[in-house]
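Novice: Let me give you the structure first, and then I'll get to my questions.
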Amino acid sequence: MALDTFRDELAATAAALAAPGTGLLAADESTGTIGKRFDAIGLENSEANRRAYRTLLATTAGLGASISGVILYEETLFQTSSAEAGGAPIVDLFQQQGIVPGIKVDLGVEPLPGGLEGESWCTGLRGLAERAARYYAQGARFAKWRAVLRISAAGCPSELAVRENAWGLARYARTVQEQGLVPIVEPEILMDGDHDIATTAAVQEWVLRSVYEALAVHGVFLEGSLLKPSMTTAGADCPEQPSPEQVGDFTLRTLSRTVPAAVPAILFLSGGLSEEDASLCLNAINAAAADTGAPWHLGFSFGRALQHSCLQHWRGLDRDAGQAALLARARANGAASRGGYRAGSEPSDDATLFVANYSY
Ligand code: 13P
C-alpha cells in the first residue's frame, strides 16, 4: 500500500505516543530474554508464566497516565490474558487504558561479515511488509527495530557497521510505514567499554547523521516516525562517570546537531542504567531542554529501568506488589519527561542493570 494512504494516521499515532509527561513501556523481550529475567526470580519460562506477567503489566490500573504505548513481542500481541483478568486479549487490556500497542519486528542481530569483532547487522527485512500488515490487523500501530553498535579501542564502530545499520533501519522504517505502523528507529550504542562521554557523543553524532541521511534517501515520513536512542553517556567501565547534568547537556547537544525538528519525539532506551539513574538522566535532559529549547518531546521507552523492581516484587506470586513497583517507576519517568522528577521521590531498586553485550 502506498505510504500516502497512511500519512495522517501515522502522524496522529506518533503524536499520541509523544504526549507530554508520557513514554513507552518496552515489554518486547524475546522468549529467550524474558527467560533470563524469570531465572533471576526463580520462575520457569513457561507460556503460562509469560501470560501471567504480561497480564500483570496490562492490568496495572492507572498505567495509562504516564505510559502512552507498549512494545510487545509477537507472542503477546496474539495472546489472551490469564483467567483472573477474564481471558480477554492482552492488547485489548492495554487499549482500554489508552495505551497504544506496538510490536518488535526485527528478528535479532547477526555477526556482520566484513565488520570488526563483535559488530552486527539486524535481520528481519524479508517478509516484513506481510508481517507488518498482520500486526496492524491485530491492533498494533507502531513498530520497533533495534540496531546495535559498539564503541571500542579496536575501531568500533566501523564505517561498514554504521552504514549497514543505518540502511537497515531506513528500509525497515519505510516498509512498516507503508503498512500503517509508526517506526521506532533505534540505533542503540552499547554502554560496553571504558570510553568517555565525549567519545560517545562524537560516535553518536556520526551514527545519527548517517541514520537520518538513510531515512531521507528512503523517503521516510519523519512526522510519522520516532527515534529511540541511547542517552549520551560514558562507557560502563569508564573511570570517570558523568553526572546526570552532564548526560543531559551532552545528550541534548548530540540530538540538536543531528535529529530533524520534524521528528515528534525522542524516546530513550535505558541501556543498563539503574532505575533511578535512568529517571535522573531523563530529568536532566528535559531540564537542559527547558533552558535551551528543543523541538521534540523527550520521553522514555524503557525496558529494564521500568520492569526491574516490578519483577523483583512480583516473583510470580505477588501481583499487587509488582504492579505498585511498575506504577512507581512509570510515575517517576512520566515526571522526568517534564523535567519535574525529584531524586528518590519514588521507590526503586538501585541494582545495576548493565549486562555486557546485551541482547533483547
Ligand atoms: P532497555 O531500556 O532495557 O535498554 O530496553 C529498551 C529496549 O526496548 C531495547 O530495545
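Naming works like this for the C-alpha cells: A, B, ... for the chains as they're shown, residue 1 at the start of each chain, ligands 1 onward in shown order.
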Distance table requested - chain A against ligand 1, cut-off 10 Å, only C-alpha atoms and all ligand atoms: one row per qualifying residue with the closest atom pair and its distance in Å to one decimal, ordered by chain and rising residue number, as a tab-separated table.

Specialist:
```
residue	atom	partner	partner_atom_place_in_ligand_line	distance
A:Leu24	CA	ligand 1	8 (O)	9.1
A:Leu25	CA	ligand 1	8 (O)	8.1
A:Ala26	CA	ligand 1	8 (O)	4.8
A:Ala27	CA	ligand 1	8 (O)	7.3
A:Asp28	CA	ligand 1	8 (O)	6.8
A:Glu29	CA	ligand 1	8 (O)	7.9
A:Val70	CA	ligand 1	8 (O)	9.9
A:Ile71	CA	ligand 1	8 (O)	7.5
A:Leu72	CA	ligand 1	8 (O)	9.6
A:Lys104	CA	ligand 1	8 (O)	8.5
A:Lys144	CA	ligand 1	10 (O)	7.7
A:Trp145	CA	ligand 1	10 (O)	7.6
A:Arg146	CA	ligand 1	10 (O)	5.4
A:Ala147	CA	ligand 1	10 (O)	8.4
A:Val148	CA	ligand 1	10 (O)	9.1
A:Ile184	CA	ligand 1	8 (O)	9.8
A:Glu186	CA	ligand 1	10 (O)	7.2
A:Pro187	CA	ligand 1	10 (O)	9.1
A:Glu188	CA	ligand 1	10 (O)	7.6
A:Leu190	CA	ligand 1	4 (O)	9.2
A:Lys228	CA	ligand 1	10 (O)	8.4
A:Pro229	CA	ligand 1	9 (C)	9.4
A:Ser230	CA	ligand 1	4 (O)	8.0
A:Leu267	CA	ligand 1	6 (C)	9.8
A:Phe268	CA	ligand 1	2 (O)	7.6
A:Leu269	CA	ligand 1	2 (O)	4.1
A:Ser270	CA	ligand 1	2 (O)	3.6
A:Gly271	CA	ligand 1	4 (O)	3.4
A:Gly272	CA	ligand 1	4 (O)	5.8
A:Leu273	CA	ligand 1	4 (O)	8.0
A:Ser274	CA	ligand 1	3 (O)	9.7
A:Glu275	CA	ligand 1	2 (O)	9.5
A:Ala278	CA	ligand 1	2 (O)	8.8
A:Phe300	CA	ligand 1	2 (O)	8.3
A:Ser301	CA	ligand 1	6 (C)	6.0
A:Phe302	CA	ligand 1	2 (O)	3.5
A:Gly303	CA	ligand 1	3 (O)	3.7
A:Arg304	CA	ligand 1	3 (O)	3.6
A:Ala305	CA	ligand 1	2 (O)	5.7
A:Leu306	CA	ligand 1	2 (O)	7.5
A:Gln307	CA	ligand 1	3 (O)	8.5
A:His308	CA	ligand 1	3 (O)	9.1
A:Leu353	CA	ligand 1	3 (O)	8.0
A:Phe354	CA	ligand 1	3 (O)	8.9
A:Val355	CA	ligand 1	3 (O)	9.7
A:Tyr358	CA	ligand 1	4 (O)	8.5
A:Ser359	CA	ligand 1	10 (O)	8.2
A:Tyr360	CA	ligand 1	10 (O)	5.9
```

Novice: Mind running range 1-37 of chain A against range 212-221 of chain A at 10 Å and telling me each contacting residue's nearest atom pair with the distance in Å (one decimal), counting only C-alpha atoms, chain and number ascending, as CSV?

Specialist:
```
residue,atom,partner,partner_atom,distance
A:Leu3,CA,A:Phe221,CA,8.4
A:Asp4,CA,A:Phe221,CA,9.4
A:Arg7,CA,A:Phe221,CA,7.6
A:Leu10,CA,A:Phe221,CA,8.6
A:Ala11,CA,A:Phe221,CA,8.7
```

Novice: Write out as an NGL selection string the residues lying within 12 Å of Leu208 in chain A, counting only C-alpha atoms and excluding same-chain residues fewer than 3 positions away.

Specialist: :A and (149 or 162-163 or 165-167 or 169-170 or 185-189 or 200-205 or 211-215 or 227-230 or 232 or 254-260)

Novice: For the structure I just gave you, how does DSSP split range 227-286 of chain A - specifically, which residues are strand (DSSP E or B)? Reply as a list of chain:residue names.

Specialist: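 Assigned to strand (DSSP E or B), within range 227-286 of chain A: A:Leu227, A:Ala265, A:Ile266, A:Leu267, A:Phe268.
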
Novice: Next, the residues of the selection above should be written as a PDB file, in the first residue's frame with C-alpha atoms.

Specialist:
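File produced: out_36.pdb:
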```
ATOM      1  CA  LEU A 227      13.695   7.997  17.486  1.00  0.00           C
ATOM      2  CA  ALA A 265       9.516  12.539  19.896  1.00  0.00           C
ATOM      3  CA  ILE A 266      12.780  11.110  21.109  1.00  0.00           C
ATOM      4  CA  LEU A 267      12.143   8.195  23.470  1.00  0.00           C
ATOM      5  CA  PHE A 268      15.305   6.995  25.176  1.00  0.00           C
TER       6      PHE A 268
END
```

Novice: For the structure I just gave you, how does DSSP split range 47-272 of chain A - specifically, which residues are helix (DSSP H, G or I)? Reply as a ChimeraX atom specification.

Specialist: /A:47-58,63-65,74-77,83-85,90-96,128-137,159-177,197-217,222-224,244-258

Novice: Ranking A:Asp92, A:Glu245, A:Glu74, A:Glu84 by minimum distance to Leu107 in chain A and counting only C-alpha atoms, which one comes first?

Specialist: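 Distance minimum relative to Leu107 in chain A lands on A:Glu74.
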
Novice: Quick check, in Å to one decimal: how far apart do CA of Phe94 in chain A and CA of Gln138 in chain A lie?

Specialist: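 Spanning CA of Phe94 in chain A to CA of Gln138 in chain A is a straight-line distance of 13.0 Å.
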
Novice: Looking at A:Thr22, A:Ser337, A:Ser120, A:Gln312, which one is nearest to Ile67 in chain A, with distances taken over only C-alpha atoms?

Specialist: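 Once distances to Ile67 in chain A are computed over only C-alpha atoms, the minimum belongs to A:Thr22.
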
Novice: Pick the closest to Gly316 in chain A from A:Gly42, A:Gly86, A:Gly248, A:Gly299: which is it, counting only C-alpha atoms?

Specialist: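 Of all the options, A:Gly42 lies closest to Gly316 in chain A.
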
Novice: Which polymer residues have any atom within 10 Å of an atom of Ile90 in chain A, counting only C-alpha atoms, with same-chain residues fewer than 4 positions away left out, as a short mmCIF file (atom, residue, chain, number, x, y, z; two decimals) with all heavy atoms, in the first residue's frame?

Specialist:
```
data_model
loop_
_atom_site.label_atom_id
_atom_site.label_comp_id
_atom_site.auth_asym_id
_atom_site.auth_seq_id
_atom_site.Cartn_x
_atom_site.Cartn_y
_atom_site.Cartn_z
N ARG A 51 2.34 -15.30 30.12
CA ARG A 51 0.98 -14.76 30.04
C ARG A 51 0.63 -14.03 31.34
O ARG A 51 0.10 -12.91 31.33
CB ARG A 51 0.01 -15.92 29.82
CG ARG A 51 -1.47 -15.54 29.82
CD ARG A 51 -2.34 -16.80 29.97
NE ARG A 51 -2.04 -17.82 28.99
CZ ARG A 51 -2.59 -17.87 27.77
NH1 ARG A 51 -3.50 -16.99 27.43
NH2 ARG A 51 -2.25 -18.81 26.92
N ARG A 54 2.69 -10.67 31.55
CA ARG A 54 2.22 -9.61 30.63
C ARG A 54 0.80 -9.18 31.00
O ARG A 54 0.43 -8.02 30.80
CB ARG A 54 2.33 -10.08 29.18
CG ARG A 54 3.67 -9.75 28.49
CD ARG A 54 4.86 -10.57 28.91
NE ARG A 54 6.13 -10.17 28.34
CZ ARG A 54 6.87 -10.94 27.50
NH1 ARG A 54 6.48 -12.16 27.17
NH2 ARG A 54 8.02 -10.48 27.05
N THR A 55 0.00 -10.08 31.57
CA THR A 55 -1.33 -9.69 32.06
C THR A 55 -1.19 -8.72 33.23
O THR A 55 -1.92 -7.72 33.34
CB THR A 55 -2.13 -10.94 32.50
OG1 THR A 55 -2.29 -11.81 31.38
CG2 THR A 55 -3.51 -10.56 33.03
N LEU A 56 -0.23 -9.01 34.11
CA LEU A 56 0.04 -8.09 35.24
C LEU A 56 0.34 -6.68 34.71
O LEU A 56 -0.21 -5.68 35.19
CB LEU A 56 1.23 -8.63 36.05
CG LEU A 56 1.83 -7.80 37.20
CD1 LEU A 56 2.60 -8.74 38.13
CD2 LEU A 56 2.73 -6.67 36.75
N LEU A 57 1.20 -6.60 33.69
CA LEU A 57 1.55 -5.28 33.14
C LEU A 57 0.30 -4.58 32.60
O LEU A 57 0.04 -3.41 32.89
CB LEU A 57 2.58 -5.42 32.01
CG LEU A 57 3.94 -6.06 32.34
CD1 LEU A 57 4.78 -6.20 31.07
CD2 LEU A 57 4.69 -5.27 33.39
N ALA A 58 -0.50 -5.32 31.81
CA ALA A 58 -1.65 -4.72 31.11
C ALA A 58 -2.76 -4.31 32.07
O ALA A 58 -3.57 -3.44 31.75
CB ALA A 58 -2.19 -5.70 30.08
N THR A 59 -2.82 -4.95 33.26
CA THR A 59 -3.92 -4.65 34.19
C THR A 59 -3.48 -3.75 35.34
O THR A 59 -4.17 -3.63 36.34
CB THR A 59 -4.53 -5.96 34.77
OG1 THR A 59 -3.47 -6.72 35.36
CG2 THR A 59 -5.21 -6.78 33.69
N LEU A 72 5.34 -4.77 22.35
CA LEU A 72 5.10 -6.17 22.67
C LEU A 72 5.95 -7.08 21.80
O LEU A 72 6.37 -6.71 20.69
CB LEU A 72 3.62 -6.51 22.43
CG LEU A 72 2.60 -5.65 23.21
CD1 LEU A 72 1.18 -5.97 22.74
CD2 LEU A 72 2.75 -5.89 24.71
N THR A 76 2.88 -12.01 22.64
CA THR A 76 1.93 -11.26 23.47
C THR A 76 0.86 -10.58 22.64
O THR A 76 -0.29 -10.46 23.07
CB THR A 76 2.68 -10.19 24.30
OG1 THR A 76 3.91 -10.74 24.77
CG2 THR A 76 1.86 -9.72 25.47
N LEU A 77 1.22 -10.12 21.43
CA LEU A 77 0.24 -9.43 20.58
C LEU A 77 -0.94 -10.35 20.26
O LEU A 77 -2.06 -9.88 20.05
CB LEU A 77 0.92 -8.95 19.29
CG LEU A 77 0.06 -8.11 18.33
CD1 LEU A 77 -0.32 -6.77 18.95
CD2 LEU A 77 0.78 -7.88 17.01
N PHE A 78 -0.68 -11.65 20.22
CA PHE A 78 -1.75 -12.59 19.86
C PHE A 78 -2.22 -13.41 21.07
O PHE A 78 -2.93 -14.38 20.91
CB PHE A 78 -1.24 -13.53 18.75
CG PHE A 78 -1.02 -12.83 17.43
CD1 PHE A 78 0.22 -12.27 17.13
CD2 PHE A 78 -2.05 -12.70 16.51
CE1 PHE A 78 0.44 -11.61 15.92
CE2 PHE A 78 -1.84 -12.03 15.30
CZ PHE A 78 -0.60 -11.49 15.00
N GLN A 79 -1.83 -12.99 22.28
CA GLN A 79 -2.08 -13.81 23.47
C GLN A 79 -3.30 -13.31 24.25
O GLN A 79 -3.54 -12.11 24.31
CB GLN A 79 -0.84 -13.74 24.37
CG GLN A 79 -0.67 -14.86 25.35
CD GLN A 79 0.73 -14.80 26.00
OE1 GLN A 79 1.30 -13.71 26.16
NE2 GLN A 79 1.26 -15.95 26.36
N THR A 80 -4.01 -14.23 24.86
CA THR A 80 -5.10 -13.82 25.75
C THR A 80 -4.55 -13.74 27.17
O THR A 80 -3.56 -14.35 27.51
CB THR A 80 -6.28 -14.81 25.71
OG1 THR A 80 -5.76 -16.12 25.90
CG2 THR A 80 -7.02 -14.74 24.39
N SER A 81 -5.27 -12.96 28.01
CA SER A 81 -4.82 -12.74 29.39
C SER A 81 -5.15 -13.95 30.26
O SER A 81 -5.94 -14.82 29.87
CB SER A 81 -5.49 -11.49 29.95
OG SER A 81 -6.89 -11.59 29.84
N SER A 82 -4.59 -13.98 31.46
CA SER A 82 -4.88 -15.09 32.37
C SER A 82 -6.31 -15.00 32.89
O SER A 82 -6.96 -13.94 32.81
CB SER A 82 -3.91 -15.14 33.55
OG SER A 82 -2.90 -14.21 33.46
N ALA A 85 -7.97 -12.13 34.78
CA ALA A 85 -8.27 -10.89 34.04
C ALA A 85 -9.38 -11.15 33.02
O ALA A 85 -9.65 -10.29 32.18
CB ALA A 85 -7.02 -10.38 33.36
N PHE A 94 -4.51 -3.35 27.29
CA PHE A 94 -3.70 -2.12 27.15
C PHE A 94 -4.53 -1.01 26.51
O PHE A 94 -4.52 0.13 26.97
CB PHE A 94 -2.44 -2.41 26.32
CG PHE A 94 -1.32 -3.05 27.10
CD1 PHE A 94 -0.90 -4.35 26.81
CD2 PHE A 94 -0.66 -2.37 28.11
CE1 PHE A 94 0.13 -4.95 27.52
CE2 PHE A 94 0.38 -2.96 28.83
CZ PHE A 94 0.77 -4.26 28.53
N GLN A 95 -5.23 -1.37 25.44
CA GLN A 95 -6.01 -0.33 24.72
C GLN A 95 -7.06 0.29 25.63
O GLN A 95 -7.31 1.49 25.55
CB GLN A 95 -6.68 -0.94 23.48
CG GLN A 95 -5.70 -1.09 22.33
CD GLN A 95 -6.24 -1.98 21.21
OE1 GLN A 95 -7.08 -2.86 21.44
NE2 GLN A 95 -5.75 -1.78 20.00
N PRO A 101 -0.77 -0.20 21.43
CA PRO A 101 0.12 -1.36 21.30
C PRO A 101 1.08 -1.24 20.11
O PRO A 101 0.69 -0.78 19.04
CB PRO A 101 -0.84 -2.54 21.08
CG PRO A 101 -2.22 -1.99 21.04
CD PRO A 101 -2.14 -0.50 21.00
#
```

Novice: In Å, rounded to a single decimal, give me how far CA of Lys36 in chain A is from CA of Ala52 in chain A.

Specialist: 16.3 Å

Novice: Find the distance between CA of Glu44 in chain A and CA of Val109 in chain A and write it in Å to one decimal.

Specialist: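 One can read the CA of Glu44 in chain A to CA of Val109 in chain A distance as 25.6 Å.
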
Novice: Rank A:Ala153, A:Ala15, A:Ala173, A:Ala289 by their smallest atom-to-atom distance to Asp106 in chain A, using only C-alpha atoms, and report the top residue only.

Specialist: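 Checking each of A:Ala153, A:Ala15, A:Ala173, A:Ala289 against Asp106 in chain A, counting only C-alpha atoms, the winner is A:Ala173.
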
Novice: With distances taken over only C-alpha atoms, which of A:Ala234, A:Ser68, A:Leu93, A:Leu125 is nearest to Leu17 in chain A?

Specialist: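 Among the listed residues, A:Ser68 lies closest to Leu17 in chain A.
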
Novice: Show me, as a list in words, the residues that have an atom within 12 Å of Gly344 in chain A when counting only C-alpha atoms, minus same-chain residues fewer than 5 positions from it.

Specialist: Glu275, Glu276, Asp277, Ser279, Leu280, Ala328, Arg329, Ala332, Asn333, Ala336, Asp349 and Asp350 of chain A
